[in-house]
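First up is the structure itself, then whatever we jot down about it.
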Amino acid sequence: MLGNRSILSTSARLLSSRTTSRAFASSARRSQQPPQQTEPIEQPTTHFGFKTVPEHMKESLVRGVFSNVASSYDIMNDAMSLGIHRLWKDHLMRSMAPMPGAKLIDVAGGTGDIAQRFLSYQDNNSDKTSSVHMVDINPEMLAEGEKRFAGSKWVQDGRIGFTVGNAENLEFIDDGSFDFYTIAFGIRNCTHPERVVQEAYRVLKPGGRFMCLEFSRVENPVLAAAYDLHSFYVIPKLGELIANDRESYEYLVESIRRFPAQSEFAQIIRNAGFTTIGKGYENLTFGTVAIHSGYKF
Ligand SMILES: C[S@@+](CC[C@H](N)C(=O)[O-])C[C@H]1O[C@@H](n2cnc3c(N)ncnc32)[C@H](O)[C@@H]1O
């Protein structure tokens with residue numbers, strides 16, 4: 001049975017980025033002493049959409065975005081993708097084809113699309129023992145997920161649990177606990193995707209499978225131009241009209257462009273210790289999204 005505990009994120013925010021900026025300590029130096037030459041302080045930075053921000057700020061900025069969009073998240077997903085995100089998620093589940101009794105951890109689980117598909121898939125195969133543990137850094141997004149499952153037989157049977165936590169540090173999960181790890185449209189929001197994948201490796205059982213559904217790169221130049229038009233004009237406009245929040249949707253679009261391309265991300269997965277089959281990913285809808293997959297052998 002899964003516990004319904006809520007654990008606030010305790011990510012260590014280690015300062016170890018490859019990208020750095022120069023911040024100059026200046027203010028707190030108004031003493032009577034003669035002005036001194038100040039040394040530039042190396043401050044790790046990262047990207048937040050197209051902006052460069054101090055690394056330690058990204059987590060709270062991302063949390064803010066998803067707090068803003070939580071209540072309109074599901075309807076916006078349908079509007080932005082014309083419902084196609086449902087087909088991508090269905091495809092992920094068919095590719096997973098979980099065995100009876102499988103234990104899934106769905107990280108950055110948000111409002112529970114993957115968790116619901118997983119439990120329904122198992123029910124359709126007459127399996128009443130599989131379970132899913134949803135983890136998300138944002139309590140509001142997770143609360144939308146909890147609302148969706150409230151009163152369901154899955155909650156009553158203890159087959160679904162919810163924890164507020166950071167994908168980069170799943171310290172509340174023991175090593176080798178799960179058969180499957182999923183992260184759908186979540187990893188690009190994380191400050192250190194490579195740490196997310198390393199944590200996935202740790203919490204999976206030997207033989208377990210990592211699966212990541214994420215926006216990716218459209219290679220065909222004509223389609224890529226059309227996709228850019230949709231991303232940079234239509235999606236922010238929809239955000240403004242439906243969610244009254246253009247800025248959060250600008251971030252979501254920009255964050256897609258900052259995420260590594262398919263083969264680069266496949267290498268991050270292999271570097272964490274996973275074995276990939278073939279090139280390690282499958283493109284869907286011309287590479288608009290890709291499913292990356294790796295096994296812990
Ligand atoms: C675009 S939503 C995806 C939700 C869901 N997986 C889906 O496919 O509909 C991204 C989710 O990632 C979560 N998230 C962002 N950074 C995270 C982190 N470092 N750890 C855990 N969750 C995170 C957000 O709070 C948000 O719920």
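In the structure tokens, chains take letters A, B, ... by order of appearance, with residues numbered from 1 within each chain and ligands from 1 in the order shown.
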
Name each residue within 9 Å of ligand 1, counting only C-alpha atoms and all ligand atoms, as a ChimeraX atom specification.
/A:9,11,59,62-67,70,73-74,77,85,89,106-115,135-142,164-169,182-193,196,213-214,252

Counting only C-alpha atoms, what are the residues of segment 242-286 of chain A within 10 Å of segment 200-208 of chain A, and for each of them which pair of atoms is the nearest and at what distance in Å, to one decimal? Sort the table by chain and rising number, as a tab-separated table.
residue	atom	partner	partner_atom	distance
A:Ile269	CA	A:Tyr201	CA	9.1
A:Ala272	CA	A:Tyr201	CA	7.0
A:Gly273	CA	A:Tyr201	CA	7.2
A:Phe274	CA	A:Tyr201	CA	7.2

With N, CA, C and O atoms retained, export the selected residues as a CSV table (one decimal), in the first residue's frame.
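What landed in result_38.csv:
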chain,number,residue,atom,x,y,z
A,269,ILE,N,20.8,9.5,-21.0
A,269,ILE,CA,20.2,8.3,-20.4
A,269,ILE,C,21.2,7.1,-20.3
A,269,ILE,O,21.3,6.5,-19.3
A,272,ALA,N,23.7,7.6,-17.5
A,272,ALA,CA,23.3,7.3,-16.2
A,272,ALA,C,23.3,5.8,-15.9
A,272,ALA,O,23.0,5.4,-14.8
A,273,GLY,N,23.6,5.0,-16.9
A,273,GLY,CA,23.7,3.5,-16.7
A,273,GLY,C,22.7,2.7,-17.4
A,273,GLY,O,22.8,1.5,-17.4
A,274,PHE,N,21.7,3.4,-18.0
A,274,PHE,CA,20.7,2.6,-18.7
A,274,PHE,C,21.2,2.0,-20.0
A,274,PHE,O,22.1,2.6,-20.7

What are the DSSP strand (DSSP E or B) residues of segment 129-275 of chain A, as a PDB file with N, CA, C and O atoms, in the first residue's frame?
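Final output, saved to out_15.pdb:
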ATOM      1  N   SER A 131       0.256  -0.770  -8.962  1.00  0.00           N
ATOM      2  CA  SER A 131       0.111   0.488  -8.225  1.00  0.00           C
ATOM      3  C   SER A 131       0.975   1.571  -8.847  1.00  0.00           C
ATOM      4  O   SER A 131       1.928   1.286  -9.578  1.00  0.00           O
ATOM      5  N   VAL A 132       0.624   2.812  -8.548  1.00  0.00           N
ATOM      6  CA  VAL A 132       1.388   3.960  -9.066  1.00  0.00           C
ATOM      7  C   VAL A 132       1.592   4.966  -7.952  1.00  0.00           C
ATOM      8  O   VAL A 132       0.711   5.210  -7.138  1.00  0.00           O
ATOM      9  N   HIS A 133       2.788   5.503  -7.937  1.00  0.00           N
ATOM     10  CA  HIS A 133       3.140   6.545  -6.972  1.00  0.00           C
ATOM     11  C   HIS A 133       3.450   7.808  -7.776  1.00  0.00           C
ATOM     12  O   HIS A 133       4.402   7.830  -8.538  1.00  0.00           O
ATOM     13  N   MET A 134       2.618   8.831  -7.606  1.00  0.00           N
ATOM     14  CA  MET A 134       2.848  10.090  -8.319  1.00  0.00           C
ATOM     15  C   MET A 134       3.695  11.030  -7.465  1.00  0.00           C
ATOM     16  O   MET A 134       3.433  11.194  -6.277  1.00  0.00           O
ATOM     17  N   VAL A 135       4.673  11.658  -8.128  1.00  0.00           N
ATOM     18  CA  VAL A 135       5.525  12.645  -7.455  1.00  0.00           C
ATOM     19  C   VAL A 135       5.492  13.913  -8.298  1.00  0.00           C
ATOM     20  O   VAL A 135       5.581  13.843  -9.529  1.00  0.00           O
ATOM     21  N   ASP A 136       5.356  15.054  -7.650  1.00  0.00           N
ATOM     22  CA  ASP A 136       5.423  16.321  -8.384  1.00  0.00           C
ATOM     23  C   ASP A 136       5.922  17.400  -7.433  1.00  0.00           C
ATOM     24  O   ASP A 136       5.628  17.380  -6.243  1.00  0.00           O
ATOM     25  N   ILE A 160      -2.799   3.979  -5.392  1.00  0.00           N
ATOM     26  CA  ILE A 160      -2.199   5.222  -5.887  1.00  0.00           C
ATOM     27  C   ILE A 160      -1.789   6.087  -4.694  1.00  0.00           C
ATOM     28  O   ILE A 160      -2.512   6.174  -3.705  1.00  0.00           O
ATOM     29  N   GLY A 161      -0.603   6.669  -4.807  1.00  0.00           N
ATOM     30  CA  GLY A 161      -0.097   7.546  -3.761  1.00  0.00           C
ATOM     31  C   GLY A 161       0.438   8.833  -4.367  1.00  0.00           C
ATOM     32  O   GLY A 161       0.726   8.889  -5.568  1.00  0.00           O
ATOM     33  N   PHE A 162       0.559   9.861  -3.546  1.00  0.00           N
ATOM     34  CA  PHE A 162       0.962  11.190  -4.029  1.00  0.00           C
ATOM     35  C   PHE A 162       2.031  11.756  -3.089  1.00  0.00           C
ATOM     36  O   PHE A 162       1.816  11.780  -1.878  1.00  0.00           O
ATOM     37  N   THR A 163       3.106  12.235  -3.654  1.00  0.00           N
ATOM     38  CA  THR A 163       4.135  12.890  -2.839  1.00  0.00           C
ATOM     39  C   THR A 163       4.617  14.157  -3.528  1.00  0.00           C
ATOM     40  O   THR A 163       4.913  14.129  -4.725  1.00  0.00           O
ATOM     41  N   VAL A 164       4.680  15.232  -2.778  1.00  0.00           N
ATOM     42  CA  VAL A 164       5.302  16.442  -3.305  1.00  0.00           C
ATOM     43  C   VAL A 164       6.809  16.266  -3.173  1.00  0.00           C
ATOM     44  O   VAL A 164       7.312  16.018  -2.077  1.00  0.00           O
ATOM     45  N   PHE A 178      10.884   0.258  -7.945  1.00  0.00           N
ATOM     46  CA  PHE A 178       9.834   0.273  -8.981  1.00  0.00           C
ATOM     47  C   PHE A 178      10.224  -0.516 -10.240  1.00  0.00           C
ATOM     48  O   PHE A 178      11.392  -0.623 -10.580  1.00  0.00           O
ATOM     49  N   ASP A 179       9.172  -0.999 -10.924  1.00  0.00           N
ATOM     50  CA  ASP A 179       9.376  -1.690 -12.205  1.00  0.00           C
ATOM     51  C   ASP A 179       9.461  -0.696 -13.360  1.00  0.00           C
ATOM     52  O   ASP A 179      10.129  -0.945 -14.361  1.00  0.00           O
ATOM     53  N   PHE A 180       8.704   0.402 -13.240  1.00  0.00           N
ATOM     54  CA  PHE A 180       8.676   1.412 -14.310  1.00  0.00           C
ATOM     55  C   PHE A 180       8.797   2.800 -13.697  1.00  0.00           C
ATOM     56  O   PHE A 180       8.282   3.057 -12.600  1.00  0.00           O
ATOM     57  N   TYR A 181       9.456   3.655 -14.448  1.00  0.00           N
ATOM     58  CA  TYR A 181       9.569   5.077 -14.082  1.00  0.00           C
ATOM     59  C   TYR A 181       9.111   5.861 -15.302  1.00  0.00           C
ATOM     60  O   TYR A 181       9.634   5.652 -16.401  1.00  0.00           O
ATOM     61  N   THR A 182       8.120   6.746 -15.120  1.00  0.00           N
ATOM     62  CA  THR A 182       7.720   7.612 -16.237  1.00  0.00           C
ATOM     63  C   THR A 182       7.887   9.076 -15.840  1.00  0.00           C
ATOM     64  O   THR A 182       7.717   9.442 -14.672  1.00  0.00           O
ATOM     65  N   ILE A 183       8.194   9.875 -16.836  1.00  0.00           N
ATOM     66  CA  ILE A 183       8.198  11.328 -16.656  1.00  0.00           C
ATOM     67  C   ILE A 183       7.708  11.905 -17.984  1.00  0.00           C
ATOM     68  O   ILE A 183       8.332  11.712 -19.029  1.00  0.00           O
ATOM     69  N   ALA A 184       6.534  12.538 -17.948  1.00  0.00           N
ATOM     70  CA  ALA A 184       5.922  13.034 -19.187  1.00  0.00           C
ATOM     71  C   ALA A 184       5.860  14.560 -19.138  1.00  0.00           C
ATOM     72  O   ALA A 184       5.244  15.137 -18.232  1.00  0.00           O
ATOM     73  N   LEU A 204      14.718   2.468  -9.704  1.00  0.00           N
ATOM     74  CA  LEU A 204      14.200   1.324 -10.458  1.00  0.00           C
ATOM     75  C   LEU A 204      14.812   0.016  -9.961  1.00  0.00           C
ATOM     76  O   LEU A 204      15.966  -0.028  -9.523  1.00  0.00           O
ATOM     77  N   LYS A 205      14.024  -1.071 -10.057  1.00  0.00           N
ATOM     78  CA  LYS A 205      14.537  -2.409  -9.760  1.00  0.00           C
ATOM     79  C   LYS A 205      15.470  -2.832 -10.901  1.00  0.00           C
ATOM     80  O   LYS A 205      15.301  -2.340 -12.032  1.00  0.00           O
ATOM     81  N   PRO A 206      16.351  -3.777 -10.670  1.00  0.00           N
ATOM     82  CA  PRO A 206      17.089  -4.347 -11.814  1.00  0.00           C
ATOM     83  C   PRO A 206      16.079  -4.900 -12.824  1.00  0.00           C
ATOM     84  O   PRO A 206      15.106  -5.556 -12.447  1.00  0.00           O
ATOM     85  N   GLY A 207      16.271  -4.572 -14.072  1.00  0.00           N
ATOM     86  CA  GLY A 207      15.311  -4.972 -15.114  1.00  0.00           C
ATOM     87  C   GLY A 207      14.235  -3.922 -15.342  1.00  0.00           C
ATOM     88  O   GLY A 207      13.437  -4.047 -16.279  1.00  0.00           O
ATOM     89  N   GLY A 208      14.225  -2.890 -14.488  1.00  0.00           N
ATOM     90  CA  GLY A 208      13.198  -1.846 -14.598  1.00  0.00           C
ATOM     91  C   GLY A 208      13.408  -0.958 -15.813  1.00  0.00           C
ATOM     92  O   GLY A 208      14.488  -0.921 -16.399  1.00  0.00           O
ATOM     93  N   ARG A 209      12.354  -0.237 -16.163  1.00  0.00           N
ATOM     94  CA  ARG A 209      12.390   0.553 -17.400  1.00  0.00           C
ATOM     95  C   ARG A 209      12.074   2.026 -17.138  1.00  0.00           C
ATOM     96  O   ARG A 209      11.085   2.349 -16.467  1.00  0.00           O
ATOM     97  N   PHE A 210      12.916   2.887 -17.693  1.00  0.00           N
ATOM     98  CA  PHE A 210      12.724   4.340 -17.652  1.00  0.00           C
ATOM     99  C   PHE A 210      12.056   4.768 -18.949  1.00  0.00           C
ATOM    100  O   PHE A 210      12.477   4.352 -20.033  1.00  0.00           O
ATOM    101  N   MET A 211      11.001   5.589 -18.858  1.00  0.00           N
ATOM    102  CA  MET A 211      10.345   6.092 -20.073  1.00  0.00           C
ATOM    103  C   MET A 211      10.063   7.584 -19.917  1.00  0.00           C
ATOM    104  O   MET A 211       9.476   8.002 -18.908  1.00  0.00           O
ATOM    105  N   CYS A 212      10.493   8.329 -20.901  1.00  0.00           N
ATOM    106  CA  CYS A 212      10.307   9.778 -20.843  1.00  0.00           C
ATOM    107  C   CYS A 212       9.596  10.249 -22.105  1.00  0.00           C
ATOM    108  O   CYS A 212      10.074  10.034 -23.217  1.00  0.00           O
ATOM    109  N   LEU A 213       8.442  10.877 -21.907  1.00  0.00           N
ATOM    110  CA  LEU A 213       7.717  11.498 -23.027  1.00  0.00           C
ATOM    111  C   LEU A 213       7.980  13.000 -22.927  1.00  0.00           C
ATOM    112  O   LEU A 213       7.694  13.613 -21.893  1.00  0.00           O
ATOM    113  N   GLU A 214       8.567  13.559 -23.969  1.00  0.00           N
ATOM    114  CA  GLU A 214       8.916  14.989 -23.889  1.00  0.00           C
ATOM    115  C   GLU A 214       8.880  15.616 -25.279  1.00  0.00           C
ATOM    116  O   GLU A 214       9.082  14.929 -26.279  1.00  0.00           O
ATOM    117  N   PHE A 215       8.593  16.914 -25.312  1.00  0.00           N
ATOM    118  CA  PHE A 215       8.684  17.643 -26.572  1.00  0.00           C
ATOM    119  C   PHE A 215      10.102  17.539 -27.088  1.00  0.00           C
ATOM    120  O   PHE A 215      11.056  17.512 -26.316  1.00  0.00           O
ATOM    121  N   THR A 275      20.574   0.892 -20.368  1.00  0.00           N
ATOM    122  CA  THR A 275      20.815   0.287 -21.679  1.00  0.00           C
ATOM    123  C   THR A 275      19.676   0.725 -22.580  1.00  0.00           C
ATOM    124  O   THR A 275      18.505   0.604 -22.201  1.00  0.00           O
TER     125      THR A 275
END

Please report, as a ChimeraX atom specification, each residue of segment 19-249 of chain A to which DSSP assigns alpha helix (DSSP H) when run on this structure's backbone.
/A:55-69,73-81,84-96,113-124,139-149,153-156,193-203,221-229,235-242,246-249

Residues at most 6 Å from Pro236 of chain A, counting only C-alpha atoms, excluding those fewer than 6 positions away in the same chain, as a PDB file with all heavy atoms, in the first residue's frame?
ATOM      1  N   ARG A 246      -0.464  34.670 -20.465  1.00  0.00           N
ATOM      2  CA  ARG A 246       0.372  34.522 -21.652  1.00  0.00           C
ATOM      3  C   ARG A 246       1.797  34.118 -21.273  1.00  0.00           C
ATOM      4  O   ARG A 246       2.420  33.259 -21.900  1.00  0.00           O
ATOM      5  CB  ARG A 246       0.379  35.867 -22.394  1.00  0.00           C
ATOM      6  CG  ARG A 246       1.136  35.840 -23.682  1.00  0.00           C
ATOM      7  CD  ARG A 246       1.191  37.196 -24.353  1.00  0.00           C
ATOM      8  NE  ARG A 246       1.938  37.052 -25.568  1.00  0.00           N
ATOM      9  CZ  ARG A 246       1.417  36.742 -26.748  1.00  0.00           C
ATOM     10  NH1 ARG A 246       0.118  36.604 -26.863  1.00  0.00           N
ATOM     11  NH2 ARG A 246       2.176  36.593 -27.804  1.00  0.00           N
ATOM     12  N   TYR A 249       2.760  30.456 -20.606  1.00  0.00           N
ATOM     13  CA  TYR A 249       2.767  29.631 -21.822  1.00  0.00           C
ATOM     14  C   TYR A 249       3.919  30.011 -22.739  1.00  0.00           C
ATOM     15  O   TYR A 249       4.405  29.167 -23.496  1.00  0.00           O
ATOM     16  CB  TYR A 249       1.391  29.654 -22.492  1.00  0.00           C
ATOM     17  CG  TYR A 249       0.470  28.745 -21.692  1.00  0.00           C
ATOM     18  CD1 TYR A 249      -0.306  29.237 -20.654  1.00  0.00           C
ATOM     19  CD2 TYR A 249       0.479  27.373 -21.916  1.00  0.00           C
ATOM     20  CE1 TYR A 249      -1.083  28.396 -19.863  1.00  0.00           C
ATOM     21  CE2 TYR A 249      -0.281  26.518 -21.140  1.00  0.00           C
ATOM     22  CZ  TYR A 249      -1.063  27.036 -20.114  1.00  0.00           C
ATOM     23  OH  TYR A 249      -1.800  26.178 -19.328  1.00  0.00           O
ATOM     24  N   GLU A 250       4.378  31.267 -22.645  1.00  0.00           N
ATOM     25  CA  GLU A 250       5.607  31.623 -23.372  1.00  0.00           C
ATOM     26  C   GLU A 250       6.768  30.816 -22.807  1.00  0.00           C
ATOM     27  O   GLU A 250       7.591  30.274 -23.536  1.00  0.00           O
ATOM     28  CB  GLU A 250       5.886  33.125 -23.249  1.00  0.00           C
ATOM     29  CG  GLU A 250       5.140  33.922 -24.286  1.00  0.00           C
ATOM     30  CD  GLU A 250       5.187  35.427 -24.043  1.00  0.00           C
ATOM     31  OE1 GLU A 250       5.682  35.862 -22.992  1.00  0.00           O
ATOM     32  OE2 GLU A 250       4.692  36.157 -24.911  1.00  0.00           O
TER      33      GLU A 250
END
